[in-house]
Every structure is written in structure tokens, then in C-alpha cells.
Amino acid sequence: TRRRILVTGGAGFIGSHTCKQLSAAGYLPVVYDNLSRGNEKSVAWGPLVVGDIRDRRTLQRAIAAHRPQAIIHFAALAYVGESVAEPADYYSVNVGGTIAVLDAARANGIDNIIFSSSCATYGMPRALPVRETSAQKPVSPYGRSKLMGEEIIKDYASAYGMKYAILRYFNACGADPEGELGEWHTPETHLIPRVLMAASGMIEAIEIFGTDYETADGTCVRDYIHVSDLARAHLKALLHLDAGGESLAVNLGTGRGISIKEILGAVERITSRAVPVVYKARRPGDPAGLFADPGLARRRLGFVAELSDIDTIVRTAAPFFGLAPVLRASGAPAAMPRAKRAS
Ligand code: UFG
């Protein structure tokens with residue numbers, strides 16, 4: 001029988017892409033998700049248990065029924081702006097929920113935990129690229145809730161003999177290259193999907209928040225990493241812990257920063273649509289530049305991003321917004337990935 005992995009938040013964007021790769025690697029992903037932000041249609045590689053991570057009885061029943069060997073804990077709220085308006089929800093789900101997941105792991109002798117953390121735990125870093133040793137000084141309740149999650153996991157690990165892989169994602173984006181899963185949040189606030197929505201006419205224009213940053217073209221620079229690369233990093237983390245590897249906390253990024261204007265340019269070139277733009281004031285709490293030093297993940301996990309060039313990101317994401325990439329780099333027409341379902 002296949003090794004079972006409990007995937008909290010497995011109906012979400014990064015969780016569902018990870019389930020697909022877990023399944024391809026011979027694991028059975030058991031998704032535990034309350035579907036508040038995730039999509040039932042994205043659960044296709046194993047059973048779905050609908051439940052909230054804070055509901056300890058339902059969580060315990062799911063673990064007793066499926067007996068997973070490890071937990072990948074994605075389930076969380078992840079909008080920076082919303083976290084400022086509703087901190088209670090963020091601490092309840094991201095901190096309280098994480099404690100419930102860890103207690104359930106402990107009660108059932110599940111020792112290996114993979115935790116979704118964020119570059120938001122670094123706040124406004126003073127030096128780039130961001131290393132794991134950089135100070136973690138988050139500037140939003142969201143970032144603080146993720147940092148608290150990290151600290152709680154570390155304390156549980158040292159007291160109760162658990163092992164963890166804390167994965168600090170930079171900007172997740174793109175979509176399954178085989179077209180089975182896409183990026184589609186409600187509400188959608190992330191840059192790349194919104195640029196694609198503007199390109200396809202679903203929204204009137206993309207608002208660019210700030211053009212006077214101290215960057216080459218004045219717009220914010222971020223480290224965009226393809227969701228299928230992130231998914232593969234989870235698999236590597238699982239294998240690492242399974243093989244007796246030490247606990248770790250690593251950045252998952254590419255090491256390259258790219259600006260908002262460069263993304264706009266790539267979308268226009270690849271879709272051959274003009275993207276209407278409205279220039280706006282800076283969004284509070286946005287660092288000018290943020291990109292990872294990806295060296296530790298490479299050394300500890302052998303992980304290197306492979307699909308995270310902007311062309312691959314845009315080409316894989318575009319079909320979910322009704323946009324067919326028009327040209328390959330070679331100039332030959334691109335095939336449209338089969339879009340079984342948007343998620
Ligand atoms: N942006 C725009 N217009 C938009 C949306 C975004 O100009 O319509 C800009 C933002 O100001 C930012 C960049 O595009 O400069 C990227 O914004 P996103 O909202 O896509 O991503 P963030 O970098 O703000 O957020 C990401 C993750 C969060 C995480 C955060 C840490 O989505 O979960 O990185 O900085 F907390």
C-alpha cells in the first residue's frame with residue numbers, strides 16, 4: 001500500500017500542486033481542508049476530508065482513519081492586507097490551527113512535519129538576497145503568525161522528538177504545466193493572475209502600486225517561483241526527513257528578482273495582448289525588493305527551481321484566463337495545454 005501523507009490545505013493552490021506530485025511519486029495524499037479558500041475540484045489524487053484544522057475531533061478522526069506517516073501543513077490564511085484588518089482570524093487559524101495540527105501529530109506518533117512559511121517572516125530585509133540567517137522581523141499579522149508557527153514547531157521538535165522542514169516561500173505563481181490545475185484565488189490579489197485578468201479583459205486594468213521605488217524601473221522587485229517547483233521542494237523535504245535527515249528551515253526562491261514592469265512586458269509579449277495599466281500609490285508594507293538566496297535549499301535538499309523563468313510562469317498560468325500563449329521562444333505556435341478544470 002502507498003505511503004499516506006496528510007496534506008492540510010491540500011485543496012489550495014500550492015497544496016493541490018503538491019498532491020499531484022506526491023501521487024506521481026507513489027504517495028497517497030490525504031487532503032484535510034475546510035474549503036474556505038481551497039477548491040474541491042483541485043482534490044484529485046486521493047481522499048478529501050472536509051474539516052477545519054482547529055476542529056481537533058475531526059482532525060483526529062481523519063488521522064485515525066488514514067494513518068498518515070507525515071503531515072504537510074499548508075492550511076492557513078495568506079493575505080497580508082486581510083491580516084491587518086482581521087488579525088484575530090489570522091492568529092486563530094495560522095497559530096491556533098498549527099498548534100492543533102502539531103498536537104494531533106504528537107498524539108498519533110507522527111514525527112515528520114513540513115510547514116508552509118513565508119518570506120513575509122523577514123519583513124523589510126536590510127540586505128539582499130535574503131538568507132535564512134537574516135533577521136525575521138515581520139511587518140504584518142500574517143507574517144507574525146507564520147513566524148510564531150515556525151517557533152512553535154521548533155519548540156515541539158526539541159521537546160517531543162519531532163522533525164520539521166520549514167519552507168519559506170517567496171512569490172508562488174504559475175500553474176501545472178500539464179494544465180490540470182491553475183491559479184485562481186477568490187478574491188484574487190496576486191500580481192501575475194491580476195495582470196492576466198487585465199490582459200484578458202476580466203478586469204479593466206492592472207493597478208501598479210508604486211513607480212517610485214529605488215529599483216531599476218521604479219516598480220517593486222520580487223522573487224517569483226513556479227508552484228510546481230515549490231511542490232517538488234516539498235517532495236524533496238519529505239524524502240529528506242524520511243531518510244533520517246535533520247530538521248531544517250530554508251528559503252524557496254530562485255535568487256533572481258524581477259520587476260512588475262518586466263512581468264507586464266512578458267505577459268504582453270507572450271499573449272500578444274495589450275495590458276491596460278493604472279498607476280497607483282505605493283501599497284503600505286511593500287518592500288522595494290525581495291529575493292532569496294536559494295543556496296541553503298540547494299545544499300540541504302538538492303532543490304533548484306527549474307520552471308521559474310518568467311516565460312514558463314506566464315505560459316503555464318495564461319490558459320486559465322482564457323489566454324493562449326501565441327508564440328514559443330522559437331517562434332513556432334505553442335500548443336494550448338489541456339485545461340481540464342480551473343481551480
Ligand atoms: N502588485 C501590484 N498590483 C496588483 C497586485 C500586486 O502592483 O494588483 C504589486 C505589489 O505591490 C507587490 C508585487 O506586485 O509589489 C507583488 O504583489 P503580490 O500581492 O502578488 O505578492 P506580495 O509580494 O505582496 O505577497 C507575497 C505572498 C504573500 C507573502 C508576501 C511576502 O502572496 O503571501 O509575498 O512579501 F506574505
# chains A, B, ... in the order shown; residues from 1 in each chain; ligands from 1
$ select_by_dssp --residues "stretch 225-307 of chain A" --states "strand (DSSP E or B)" --output "ChimeraX atom specification"
/A:225-226,248-252,258-259,277-280,289-290,292
$ write_last_selection --atoms "C-alpha atoms" --output "mmCIF file, in the first residue's frame"
data_model
loop_
_atom_site.group_PDB
_atom_site.id
_atom_site.type_symbol
_atom_site.label_atom_id
_atom_site.label_comp_id
_atom_site.auth_asym_id
_atom_site.auth_seq_id
_atom_site.Cartn_x
_atom_site.Cartn_y
_atom_site.Cartn_z
ATOM 1 C CA ILE A 225 8.820 30.878 -8.041
ATOM 2 C CA HIS A 226 6.721 28.445 -10.050
ATOM 3 C CA LEU A 248 15.749 22.492 8.559
ATOM 4 C CA ALA A 249 14.337 25.894 7.629
ATOM 5 C CA VAL A 250 15.053 27.023 4.077
ATOM 6 C CA ASN A 251 14.062 29.702 1.607
ATOM 7 C CA LEU A 252 12.340 28.580 -1.573
ATOM 8 C CA ILE A 258 12.007 40.649 -11.415
ATOM 9 C CA SER A 259 10.044 43.891 -11.513
ATOM 10 C CA VAL A 277 -2.341 49.871 -16.648
ATOM 11 C CA VAL A 278 -3.333 52.346 -13.933
ATOM 12 C CA TYR A 279 -0.536 53.765 -11.811
ATOM 13 C CA LYS A 280 -1.325 53.976 -8.109
ATOM 14 C CA GLY A 289 12.952 44.483 -3.441
ATOM 15 C CA LEU A 290 12.720 40.963 -2.047
ATOM 16 C CA ALA A 292 16.041 34.838 -1.841
#
$ residues_near_ligand --ligand "ligand 1" --cutoff "7 Å" --atoms "only C-alpha atoms and all ligand atoms" --output "ChimeraX atom specification"
/A:78-80,118-120,142-143,170-172,189-192,194,206-210,220-222,260,282-283,286
$ closest_residue --among "A:Pro29, A:Gly123, A:Pro47, A:Gly12" --to "A:Leu77" --atoms "only C-alpha atoms"
A:Gly12
$ atom_distance --atom1 "atom CA of A:Gly253" --atom2 "atom CA of A:Ser145"
20.7 Å
$ residues_around --residues "A:Val314" --least-positions-apart "3" --cutoff "8 Å" --atoms "only C-alpha atoms" --output "compact mmCIF listing (two decimals) with C-alpha atoms, in the first residue's frame"
# COMPACT_ATOMS: atom_id res chain seq x y z
CA GLY A 174 2.39 29.82 -12.39
CA ILE A 192 0.52 37.74 -12.05
CA ALA A 266 6.43 39.36 -20.56
CA VAL A 267 2.63 38.97 -20.46
CA ILE A 270 3.63 36.05 -24.68
CA ILE A 310 9.03 34.32 -16.32
CA ASP A 311 8.16 32.86 -19.73
CA ALA A 317 -0.70 30.44 -15.98
CA ALA A 318 -2.23 32.11 -19.06
